[in-house]
$ cat entry-v3.txt   # compact mmCIF, C-alpha atoms
# COMPACT_ATOMS: atom_id res chain seq x y z
CA MET I 1 -14.00 31.64 15.39
CA ILE I 2 -10.79 33.70 15.10
CA ILE I 3 -11.29 36.63 12.75
CA HIS I 4 -8.46 37.47 10.35
CA PRO I 5 -8.99 41.17 9.53
CA TYR I 6 -5.69 41.62 7.72
CA PHE I 7 -5.86 38.64 5.37
CA LYS I 8 -8.54 37.33 3.05
CA ILE I 9 -9.21 33.78 4.23
CA ASP I 10 -12.34 31.93 3.20
CA GLU I 11 -14.76 30.91 5.95
CA LYS I 12 -14.37 27.27 4.91
CA ILE I 13 -10.66 27.40 5.72
CA GLN I 14 -11.22 29.31 8.96
CA LYS I 15 -13.67 26.69 10.20
CA ALA I 16 -11.34 23.85 9.24
CA ALA I 17 -8.49 25.60 11.04
CA GLU I 18 -10.56 25.96 14.22
CA LEU I 19 -11.47 22.27 14.17
CA ALA I 20 -7.84 21.35 13.59
CA SER I 21 -6.72 23.49 16.52
CA GLU I 22 -9.30 21.98 18.84
CA LYS I 23 -8.13 18.41 18.32
CA LEU I 24 -4.45 19.31 18.66
CA SER I 25 -4.55 20.23 22.34
CA GLY I 26 -3.11 16.89 23.49
CA VAL I 27 -0.40 16.96 20.81
CA PHE I 28 0.59 20.49 21.78
CA ALA I 29 0.76 19.53 25.46
CA LYS I 30 3.32 16.83 24.63
CA ILE I 31 5.34 19.26 22.52
CA ASP I 32 5.33 21.72 25.44
CA GLU I 33 6.62 19.01 27.78
CA THR I 34 9.58 18.37 25.47
CA THR I 35 10.19 22.10 25.03
CA ASN I 36 10.16 22.62 28.78
CA PHE I 37 12.71 19.85 29.33
CA ASN I 38 15.00 21.05 26.55
CA GLN I 39 14.79 24.69 27.64
CA GLN I 40 15.88 23.68 31.14
CA LYS I 41 18.71 21.67 29.59
CA MET I 42 19.81 24.69 27.57
CA LEU I 43 19.69 27.00 30.57
CA ALA I 44 21.80 24.50 32.51
CA ALA I 45 24.28 24.42 29.62
CA PHE I 46 24.62 28.21 29.75
CA SER I 47 25.04 28.12 33.52
CA ASN I 48 27.63 25.35 33.42
CA ALA I 49 29.63 27.24 30.79
CA GLY I 50 29.52 30.42 32.88
CA VAL I 51 28.31 32.53 29.97
CA SER I 52 28.83 36.25 30.57
CA GLU I 53 28.80 39.54 28.68
CA SER I 54 32.53 39.20 28.15
CA HIS I 55 31.91 36.18 25.91
CA PHE I 56 30.20 38.41 23.34
CA VAL I 57 33.31 40.51 22.66
CA ALA I 58 34.62 40.34 19.09
CA SER I 59 37.99 38.86 18.25
CA THR I 60 40.00 39.40 15.07
CA GLY I 61 42.94 37.91 13.24
CA TYR I 62 43.90 34.49 14.54
CA GLY I 63 41.35 34.66 17.33
CA TYR I 64 43.76 33.43 20.00
CA GLY I 65 42.18 33.30 23.45
CA ASP I 66 38.61 33.88 22.22
CA ARG I 67 36.76 32.95 25.42
CA GLY I 68 33.36 33.30 23.80
CA ARG I 69 34.18 30.84 21.04
CA ASP I 70 35.30 28.27 23.60
CA ALA I 71 32.27 28.86 25.86
CA LEU I 72 29.91 28.43 22.90
CA ASP I 73 31.49 25.05 22.15
CA ARG I 74 30.90 24.06 25.79
CA VAL I 75 27.25 25.17 25.66
CA PHE I 76 26.54 23.06 22.57
CA ALA I 77 28.43 20.05 23.90
CA CYS I 78 26.40 20.14 27.10
CA ALA I 79 23.04 20.79 25.42
CA LEU I 80 23.63 18.03 22.85
CA GLY I 81 24.98 15.49 25.33
CA ALA I 82 28.38 15.31 23.63
CA GLU I 83 31.96 15.27 24.90
CA ASP I 84 32.91 18.23 22.74
CA ALA I 85 31.56 20.48 20.00
CA LEU I 86 32.87 22.68 17.21
CA VAL I 87 30.48 25.60 16.61
CA ARG I 88 31.49 28.21 14.05
CA TYR I 89 29.79 30.99 12.12
CA ASN I 90 32.01 30.22 9.13
CA PHE I 91 30.37 26.89 8.43
CA VAL I 92 28.42 28.07 5.40
CA SER I 93 25.76 25.35 5.60
CA GLY I 94 24.85 22.03 7.16
CA THR I 95 26.39 20.31 4.14
CA HIS I 96 29.65 22.17 4.83
CA ALA I 97 29.67 21.01 8.47
CA LEU I 98 28.99 17.43 7.36
CA THR I 99 31.75 17.68 4.75
CA VAL I 100 34.30 18.90 7.29
CA ALA I 101 33.31 16.03 9.58
CA LEU I 102 33.61 13.42 6.83
CA PHE I 103 36.99 14.66 5.62
CA GLY I 104 38.09 15.14 9.22
CA VAL I 105 37.75 11.51 10.27
CA LEU I 106 37.93 9.44 7.05
CA ARG I 107 41.19 8.51 5.36
CA PRO I 108 42.12 7.00 1.96
CA GLY I 109 40.99 3.40 1.77
CA ASP I 110 38.31 3.79 4.45
CA MET I 111 34.79 2.54 3.79
CA MET I 112 31.78 4.79 4.46
CA LEU I 113 28.51 2.85 4.63
CA SER I 114 25.25 4.79 4.49
CA VAL I 115 22.57 2.68 6.18
CA THR I 116 19.70 5.06 5.36
CA GLY I 117 19.90 4.82 1.60
CA LEU I 118 21.02 7.59 -0.72
CA PRO I 119 22.01 10.72 1.22
CA TYR I 120 20.47 14.14 0.67
CA ASP I 121 21.04 15.69 -2.77
CA THR I 122 23.74 18.20 -1.80
CA LEU I 123 25.90 15.55 -0.11
CA ARG I 124 26.05 13.33 -3.18
CA GLY I 125 28.65 15.55 -4.84
CA VAL I 126 30.70 15.52 -1.64
CA ILE I 127 30.81 11.74 -1.71
CA GLY I 128 31.45 11.64 -5.46
CA LEU I 129 28.16 10.09 -6.51
CA THR I 130 27.29 13.05 -8.74
CA GLY I 131 29.27 15.80 -10.47
CA ASP I 132 32.77 15.46 -11.83
CA GLY I 133 34.20 14.12 -8.57
CA ASN I 134 36.65 17.00 -8.16
CA GLY I 135 37.50 17.32 -4.47
CA SER I 136 35.12 14.54 -3.45
CA LEU I 137 35.69 11.72 -0.97
CA ARG I 138 35.93 9.34 -3.90
CA GLU I 139 38.78 11.33 -5.43
CA PHE I 140 40.65 10.93 -2.13
CA GLY I 141 40.25 7.16 -2.26
CA ILE I 142 37.47 6.87 0.28
CA GLN I 143 35.05 4.09 -0.60
CA TYR I 144 31.28 4.39 -0.38
CA ASP I 145 28.51 1.84 -0.14
CA GLN I 146 24.91 1.99 1.00
CA LEU I 147 22.08 -0.09 2.34
CA ASP I 148 18.69 0.87 0.99
CA LEU I 149 15.79 1.30 3.33
CA LYS I 150 13.01 -1.28 3.37
CA GLU I 151 9.92 -0.74 1.25
CA ASP I 152 8.15 0.98 4.14
CA GLY I 153 11.04 3.45 4.47
CA THR I 154 12.42 2.05 7.72
CA PRO I 155 16.02 0.93 8.33
CA ASP I 156 16.89 -2.61 7.27
CA TYR I 157 18.40 -3.94 10.51
CA GLU I 158 18.76 -7.48 9.15
CA ALA I 159 20.81 -6.19 6.21
CA MET I 160 22.99 -4.23 8.63
CA GLU I 161 23.71 -7.40 10.56
CA GLN I 162 24.97 -8.97 7.32
CA ARG I 163 26.77 -5.97 5.79
CA ILE I 164 28.54 -4.22 8.68
CA SER I 165 31.96 -5.67 9.38
CA PRO I 166 35.32 -4.46 10.73
CA ALA I 167 36.10 -3.33 7.18
CA VAL I 168 33.54 -0.51 7.60
CA LYS I 169 35.14 2.63 9.04
CA MET I 170 31.97 4.73 9.20
CA VAL I 171 28.29 3.92 9.51
CA TYR I 172 26.49 6.99 8.21
CA ILE I 173 22.91 7.87 9.20
CA GLN I 174 20.70 10.60 7.77
CA ARG I 175 18.10 11.34 10.42
CA SER I 176 15.71 13.44 8.37
CA ARG I 177 13.77 12.32 5.33
CA GLY I 178 15.18 14.89 2.89
CA TYR I 179 13.13 15.01 -0.31
CA SER I 180 11.62 11.61 0.32
CA LEU I 181 8.56 10.30 2.10
CA ARG I 182 10.31 7.79 4.32
CA PRO I 183 9.92 8.29 8.08
CA SER I 184 12.53 10.42 9.80
CA LEU I 185 14.51 8.59 12.46
CA PHE I 186 13.94 8.85 16.19
CA VAL I 187 16.94 8.67 18.52
CA GLU I 188 15.70 5.21 19.49
CA ASP I 189 16.16 4.10 15.85
CA ILE I 190 19.65 5.58 15.81
CA ALA I 191 20.47 3.80 19.08
CA LYS I 192 19.51 0.46 17.53
CA ILE I 193 21.68 1.12 14.47
CA ALA I 194 24.58 2.15 16.69
CA GLU I 195 24.26 -1.02 18.76
CA ILE I 196 24.47 -3.21 15.66
CA ALA I 197 27.35 -1.17 14.25
CA LYS I 198 29.44 -1.35 17.42
CA ARG I 199 28.78 -5.05 17.84
CA LYS I 200 29.75 -5.88 14.24
CA ALA I 201 32.56 -3.31 13.92
CA PRO I 202 33.69 -2.11 17.37
CA ASP I 203 36.06 0.52 15.99
CA CYS I 204 33.69 2.07 13.45
CA ILE I 205 32.48 5.66 13.69
CA VAL I 206 28.71 6.10 13.84
CA MET I 207 27.97 9.50 12.29
CA VAL I 208 24.59 11.23 12.07
CA ASP I 209 23.34 14.02 9.85
CA ASN I 210 21.18 15.57 12.56
CA CYS I 211 19.73 18.42 10.48
CA TYR I 212 16.10 19.26 11.40
CA GLY I 213 16.20 16.90 14.40
CA GLU I 214 17.81 18.91 17.19
CA PHE I 215 15.62 19.44 20.30
CA VAL I 216 12.66 17.57 18.80
CA GLN I 217 13.14 14.90 21.47
CA THR I 218 14.62 15.20 24.95
CA ILE I 219 17.81 13.37 23.97
CA GLU I 220 20.16 13.58 21.00
CA PRO I 221 21.97 10.93 18.91
CA THR I 222 25.26 11.54 20.75
CA GLN I 223 23.51 10.33 23.91
CA CYS I 224 22.39 7.13 22.20
CA GLY I 225 25.51 5.64 20.65
CA ALA I 226 26.42 8.08 17.87
CA ASP I 227 30.08 9.10 17.87
CA LEU I 228 29.68 12.21 15.75
CA MET I 229 26.92 14.40 14.37
CA ALA I 230 26.60 17.68 12.54
CA GLY I 231 24.00 20.24 11.57
CA SER I 232 23.20 23.79 10.54
CA LEU I 233 22.63 26.83 12.75
CA ILE I 234 20.01 28.21 10.37
CA LYS I 235 17.88 25.23 11.28
CA ASN I 236 16.79 24.17 14.78
CA PRO I 237 19.89 24.92 16.89
CA GLY I 238 20.20 28.54 15.74
CA GLY I 239 16.77 29.43 17.07
CA GLY I 240 16.00 31.72 14.14
CA ILE I 241 18.59 34.21 15.40
CA ALA I 242 21.94 32.79 14.25
CA PRO I 243 22.62 34.47 10.87
CA THR I 244 24.75 31.57 9.59
CA GLY I 245 26.93 28.75 10.83
CA GLY I 246 26.96 25.10 11.77
CA TYR I 247 28.17 22.66 14.38
CA ILE I 248 29.90 19.32 14.81
CA ALA I 249 29.50 17.48 18.11
CA GLY I 250 30.54 14.14 19.52
CA ARG I 251 33.57 12.31 20.82
CA LYS I 252 36.35 14.68 21.82
CA ASP I 253 39.04 13.03 19.69
CA LEU I 254 36.82 13.05 16.61
CA VAL I 255 35.81 16.68 17.08
CA GLU I 256 39.50 17.57 17.35
CA SER I 257 40.18 15.78 14.05
CA CYS I 258 37.35 17.75 12.46
CA SER I 259 38.80 21.00 13.80
CA TYR I 260 42.10 20.14 12.10
CA ARG I 261 40.22 19.88 8.82
CA LEU I 262 38.41 23.19 9.40
CA THR I 263 41.61 25.09 10.25
CA THR I 264 44.99 23.32 10.27
CA PRO I 265 46.53 20.28 11.96
CA GLY I 266 48.00 21.38 15.26
CA THR I 267 45.95 24.56 15.64
CA GLY I 268 42.43 23.15 15.33
CA LYS I 269 39.96 24.80 17.72
CA GLU I 270 42.57 27.17 19.15
CA VAL I 271 42.28 29.61 16.25
CA GLY I 272 39.47 31.31 14.41
CA CYS I 273 38.25 34.81 15.19
CA THR I 274 34.55 35.40 15.80
CA LEU I 275 34.23 38.98 14.47
CA GLY I 276 31.40 39.85 16.85
CA ASN I 277 29.09 36.96 15.89
CA ASN I 278 29.09 35.29 19.28
CA ARG I 279 26.16 37.20 20.77
CA GLU I 280 23.75 36.05 18.04
CA LEU I 281 24.97 32.45 18.18
CA PHE I 282 24.56 32.32 21.96
CA MET I 283 21.13 33.94 21.80
CA GLY I 284 20.04 31.64 18.99
CA ALA I 285 21.09 28.57 20.95
CA PHE I 286 19.17 29.77 23.99
CA HIS I 287 15.99 30.24 21.93
CA ALA I 288 16.43 26.99 19.99
CA PRO I 289 14.32 24.64 22.15
CA HIS I 290 11.36 27.04 22.18
CA VAL I 291 11.52 27.84 18.47
CA THR I 292 11.80 24.14 17.64
CA GLY I 293 8.62 23.56 19.65
CA GLU I 294 6.83 26.31 17.70
CA ALA I 295 7.94 24.69 14.43
CA LEU I 296 6.59 21.34 15.61
CA LYS I 297 3.23 22.92 16.44
CA THR I 298 3.11 24.52 12.99
CA ALA I 299 3.85 21.15 11.38
CA ALA I 300 1.16 19.33 13.37
CA PHE I 301 -1.39 22.03 12.56
CA THR I 302 -0.55 21.90 8.86
CA ALA I 303 -1.01 18.13 8.90
CA ALA I 304 -4.39 18.38 10.64
CA LEU I 305 -5.61 21.15 8.33
CA PHE I 306 -4.69 19.45 5.06
CA GLN I 307 -5.83 16.04 6.24
CA SER I 308 -9.25 17.62 6.76
CA PHE I 309 -9.20 18.62 3.10
CA GLY I 310 -8.47 15.04 2.03
CA TYR I 311 -4.71 15.17 1.43
CA ASP I 312 -2.26 12.51 2.53
CA VAL I 313 0.35 13.88 4.90
CA THR I 314 3.39 12.49 6.67
CA PRO I 315 3.63 12.50 9.59
CA LYS I 316 -0.09 12.57 10.37
CA TRP I 317 -1.23 15.20 12.85
CA ASP I 318 -1.30 12.83 15.83
CA GLU I 319 1.87 10.84 15.05
CA PRO I 320 5.11 11.30 17.03
CA ARG I 321 7.71 13.44 15.26
CA ALA I 322 11.44 12.94 14.84
CA ASP I 323 12.10 16.25 13.06
CA ILE I 324 10.34 19.50 12.15
CA ILE I 325 9.48 18.59 8.55
CA GLN I 326 5.90 18.15 7.39
CA ALA I 327 5.19 16.65 3.98
CA VAL I 328 1.87 17.26 2.22
CA MET I 329 1.08 15.20 -0.89
CA LEU I 330 -0.66 17.67 -3.20
CA ARG I 331 -1.03 15.26 -6.15
CA ARG I 332 -0.73 17.87 -8.92
CA GLU I 333 2.02 20.22 -10.07
CA GLU I 334 -0.27 23.26 -10.07
CA SER I 335 -1.44 22.47 -6.53
CA LEU I 336 2.16 22.28 -5.33
CA ILE I 337 2.98 25.63 -6.90
CA ALA I 338 -0.15 27.25 -5.44
CA PHE I 339 0.65 25.86 -1.98
CA CYS I 340 4.17 27.30 -1.99
CA GLN I 341 2.99 30.64 -3.31
CA GLY I 342 0.47 30.80 -0.48
CA VAL I 343 3.12 30.05 2.14
CA GLN I 344 5.17 32.90 0.70
CA LYS I 345 2.28 35.29 1.35
CA GLY I 346 2.53 34.38 5.03
CA ALA I 347 6.19 35.35 5.26
CA PRO I 348 7.35 38.49 7.09
CA VAL I 349 10.01 39.13 4.43
CA ASP I 350 9.35 39.16 0.66
CA SER I 351 5.66 38.32 1.09
CA PHE I 352 5.02 40.10 -2.22
CA VAL I 353 7.30 37.72 -4.12
CA VAL I 354 5.70 34.97 -6.21
CA PRO I 355 7.86 31.81 -6.11
CA GLU I 356 8.31 30.00 -9.41
CA PRO I 357 10.01 26.66 -10.19
CA TRP I 358 13.65 26.97 -11.29
CA ASP I 359 16.72 24.90 -12.16
CA MET I 360 18.44 24.88 -8.77
CA PRO I 361 22.10 23.72 -8.70
CA GLY I 362 22.54 20.27 -7.16
CA TYR I 363 19.08 18.96 -8.05
CA ASP I 364 17.97 16.76 -10.94
CA CYS I 365 14.70 18.61 -11.67
CA GLN I 366 13.16 22.02 -11.15
CA VAL I 367 12.56 23.08 -7.55
CA ILE I 368 10.11 25.58 -6.08
CA MET I 369 10.92 27.26 -2.80
CA ALA I 370 8.80 29.52 -0.61
CA ALA I 371 10.90 31.29 1.99
CA GLY I 372 10.48 34.84 3.22
CA ALA I 373 13.02 34.73 6.01
CA PHE I 374 15.06 37.19 8.04
CA THR I 375 18.02 34.89 7.34
CA LEU I 376 18.39 33.75 3.74
CA GLY I 377 17.59 30.04 3.45
CA ALA I 378 16.81 29.59 7.15
CA SER I 379 14.53 26.56 7.28
CA ILE I 380 13.74 27.05 10.97
CA GLU I 381 11.72 29.98 9.68
CA LEU I 382 8.50 29.15 7.86
CA SER I 383 9.30 27.74 4.45
CA ALA I 384 8.08 25.18 1.96
CA ASP I 385 9.94 23.68 -0.95
CA ALA I 386 9.82 20.74 -3.27
CA PRO I 387 11.17 19.29 -6.49
CA LEU I 388 8.55 19.24 -9.25
CA ARG I 389 8.16 15.49 -9.51
CA GLU I 390 5.79 12.81 -8.31
CA PRO I 391 4.05 12.73 -5.86
CA TYR I 392 4.14 16.55 -5.94
CA ALA I 393 4.67 16.75 -2.20
CA ALA I 394 5.49 19.98 -0.40
CA TRP I 395 8.05 19.74 2.36
CA MET I 396 7.19 22.40 4.90
CA GLN I 397 9.36 23.29 7.85
CA GLY I 398 9.88 25.92 10.48
CA GLY I 399 7.88 28.71 11.98
CA LEU I 400 9.48 31.14 14.44
CA ASN I 401 6.19 31.25 16.28
CA PHE I 402 3.11 29.09 15.94
CA HIS I 403 0.71 31.99 15.45
CA SER I 404 2.36 33.13 12.22
CA GLY I 405 3.05 29.53 11.17
CA ARG I 406 -0.65 28.71 11.53
CA LEU I 407 -1.52 31.67 9.34
CA GLY I 408 1.04 30.61 6.72
CA ALA I 409 -0.60 27.17 6.43
CA MET I 410 -4.02 28.76 6.07
CA LEU I 411 -2.77 31.10 3.35
CA ALA I 412 -1.39 28.09 1.49
CA ALA I 413 -4.87 26.56 1.57
CA GLN I 414 -6.39 29.89 0.49
CA SER I 415 -4.06 30.12 -2.49
CA MET I 416 -5.15 26.67 -3.61
CA LEU I 417 -8.84 27.44 -3.02
CA GLU I 418 -8.72 30.59 -5.14
CA ARG I 419 -7.51 28.47 -8.08
CA GLY I 420 -10.08 25.75 -7.56
CA LEU I 421 -7.44 23.27 -6.44
CA LEU I 422 -8.26 22.66 -2.75
CA GLY I 423 -9.54 19.18 -1.92

$ encode --input "entry-v3.txt" --output "structure tokens"
Amino acid sequence: MIIHPYFKIDEKIQKAAELASEKLSGVFAKIDETTNFNQQKMLAAFSNAGVSESHFVASTGYGYGDRGRDALDRVFACALGAEDALVRYNFVSGTHALTVALFGVLRPGDMMLSVTGLPYDTLRGVIGLTGDGNGSLREFGIQYDQLDLKEDGTPDYEAMEQRISPAVKMVYIQRSRGYSLRPSLFVEDIAKIAEIAKRKAPDCIVMVDNCYGEFVQTIEPTQCGADLMAGSLIKNPGGGIAPTGGYIAGRKDLVESCSYRLTTPGTGKEVGCTLGNNRELFMGAFHAPHVTGEALKTAAFTAALFQSFGYDVTPKWDEPRADIIQAVMLRREESLIAFCQGVQKGAPVDSFVVPEPWDMPGYDCQVIMAAGAFTLGASIELSADAPLREPYAAWMQGGLNFHSGRLGAMLAAQSMLERGLLG
């Protein structure tokens, strides 16, 4: 048994953790295979882009001739299997990158059809489904419709066959589950949606919110029929090193349109200084496949540990994974709070902080968030959060390395045990 001299962890939890680790050897071997492939892919991307020390030099003002900025775009395009990419530190979030992409390619009168149900909370205001609509797609005359998922949480392909037509300009796909318990989508699922979309509406744009999904499999949505995708650099593709930023990747003409929205028509990707941020973005990208693998191991371990205590989890410890998120159904509000407070104790930053539920902007109920990260809000680092509503599930993600992630899951169990809430 591994001894934990620096943390008080009950013997019951230590034994359960050892048993969980023992049965995960095959799962971890598969994760390592994917990590190995993706790390080679990333190294090849760096080599093909000819990355050098000179690419880390800061630019100011307009940023004309910033070689590092352009090389970083090439690295991401290659690693993500896309024609082009737009990678910038001044994307403030994944939602911002998605917003730039949506406004970049949609025009008044266009129809956006979400085929994975209601999008993530923070995107609803962008579309105009919540809030006062100021600045939303709806205010600009862009129409929105959606197809709900089937009862089991999977895409309704039959409904897509009926609903998608040439009148649909964009078929929108959210890969990750968000604050829901539906399965996250594999690239194979996205490929099937894209095939239907292109057959029913050949000119439509298939766009993917790829947050939490990068480098989980050996291929990406842009290699399986998606025209455009976007995500955050403080999730998987930033490797826990990028301090901020986001990316858009896909068809070259669409990425150019997005760049016109980010800067100005006519200048697009040719402007935008980097202010010395390039080194961290390059380094984060290089580490991204490995860190994503560590997050996947943390998720699988958490599933195995809490399944052993009788909790429902999704995915289960031995199920294939399409993103880094692990949901644990804790059944009671106090159990959810205790879980998150335990995860916080396993953080390298702000471990002394006690998370409490609060009224977070953009959400319809109180939310509790455990996150002691080197980068504020970085969900590739170990974190757990959840809205305080049924089924009181904690959505856990990240872990810069498995060893600390494993300990964070055990401390979550310890926090629950100390309050008589475990099992």

$ closest_atom_pairs --input "entry-v3.txt" --of "segment 208-264 of chain I" --to "segment 269-289 of chain I" --cutoff "10 Å" --atoms "all atoms listed in the file" --output "tab-separated table"
residue	atom	partner	partner_atom	distance
I:Glu214	CA	I:Pro289	CA	8.3
I:Phe215	CA	I:Pro289	CA	5.7
I:Val216	CA	I:Pro289	CA	8.0
I:Gln217	CA	I:Pro289	CA	9.8
I:Thr218	CA	I:Pro289	CA	9.9
I:Leu233	CA	I:Leu281	CA	8.2
I:Ile234	CA	I:Gly284	CA	9.3
I:Lys235	CA	I:Ala288	CA	9.0
I:Asn236	CA	I:Ala288	CA	5.9
I:Pro237	CA	I:Ala288	CA	5.1
I:Gly238	CA	I:Gly284	CA	4.5
I:Gly239	CA	I:Ala288	CA	3.8
I:Gly240	CA	I:Gly284	CA	6.3
I:Ile241	CA	I:Gly284	CA	4.6
I:Ala242	CA	I:Leu281	CA	5.0
I:Pro243	CA	I:Glu280	CA	7.4
I:Thr244	CA	I:Leu281	CA	8.6
I:Gly245	CA	I:Leu281	CA	8.5
I:Gly246	CA	I:Leu281	CA	10.0
I:Val255	CA	I:Lys269	CA	9.1
I:Glu256	CA	I:Lys269	CA	7.3
I:Ser257	CA	I:Lys269	CA	9.7
I:Cys258	CA	I:Lys269	CA	9.2
I:Ser259	CA	I:Lys269	CA	5.6
I:Tyr260	CA	I:Lys269	CA	7.6
I:Leu262	CA	I:Lys269	CA	8.6
I:Thr263	CA	I:Val271	CA	7.5
I:Thr264	CA	I:Val271	CA	9.1

$ closest_atom_pairs --input "entry-v3.txt" --of "segment 201-313 of chain I" --to "segment 332-351 of chain I" --cutoff "12 Å" --atoms "only C-alpha atoms" --output "Markdown table"
| residue | atom | partner | partner_atom | distance |
| --- | --- | --- | --- | --- |
| I:Thr302 | CA | I:Val343 | CA | 11.2 |
| I:Phe306 | CA | I:Phe339 | CA | 10.9 |
| I:Tyr311 | CA | I:Ser335 | CA | 11.3 |

$ atom_distance --input "entry-v3.txt" --atom1 "atom CA of Ile324 of chain I" --atom2 "atom CA of Thr292 of chain I"
7.3 Å

$ closest_atom_pairs --input "entry-v3.txt" --of "segment 79-197 of chain I" --to "segment 395-413 of chain I" --cutoff "10 Å" --atoms "all atoms listed in the file" --output "tab-separated table"
residue	atom	partner	partner_atom	distance
I:Arg177	CA	I:Trp395	CA	9.8
I:Gly178	CA	I:Trp395	CA	8.6
I:Tyr179	CA	I:Trp395	CA	7.4
I:Ser180	CA	I:Trp395	CA	9.1
I:Leu181	CA	I:Trp395	CA	9.5

$ write_last_selection --input "entry-v3.txt" --atoms "C-alpha atoms" --output "PDB file, in the frame of the given file"
ATOM      1  CA  ARG I 177      13.770  12.320   5.330  1.00  0.00           C
ATOM      2  CA  GLY I 178      15.180  14.890   2.890  1.00  0.00           C
ATOM      3  CA  TYR I 179      13.130  15.010  -0.310  1.00  0.00           C
ATOM      4  CA  SER I 180      11.620  11.610   0.320  1.00  0.00           C
ATOM      5  CA  LEU I 181       8.560  10.300   2.100  1.00  0.00           C
TER       6      LEU I 181
END

$ atom_distance --input "entry-v3.txt" --atom1 "atom CA of Val75 of chain I" --atom2 "atom CA of Glu294 of chain I"
21.9 Å

$ closest_residue --input "entry-v3.txt" --among "I:Ala101, I:Arg251, I:Met112, I:Ala304" --to "Glu22 of chain I" --atoms "only C-alpha atoms"
I:Ala304
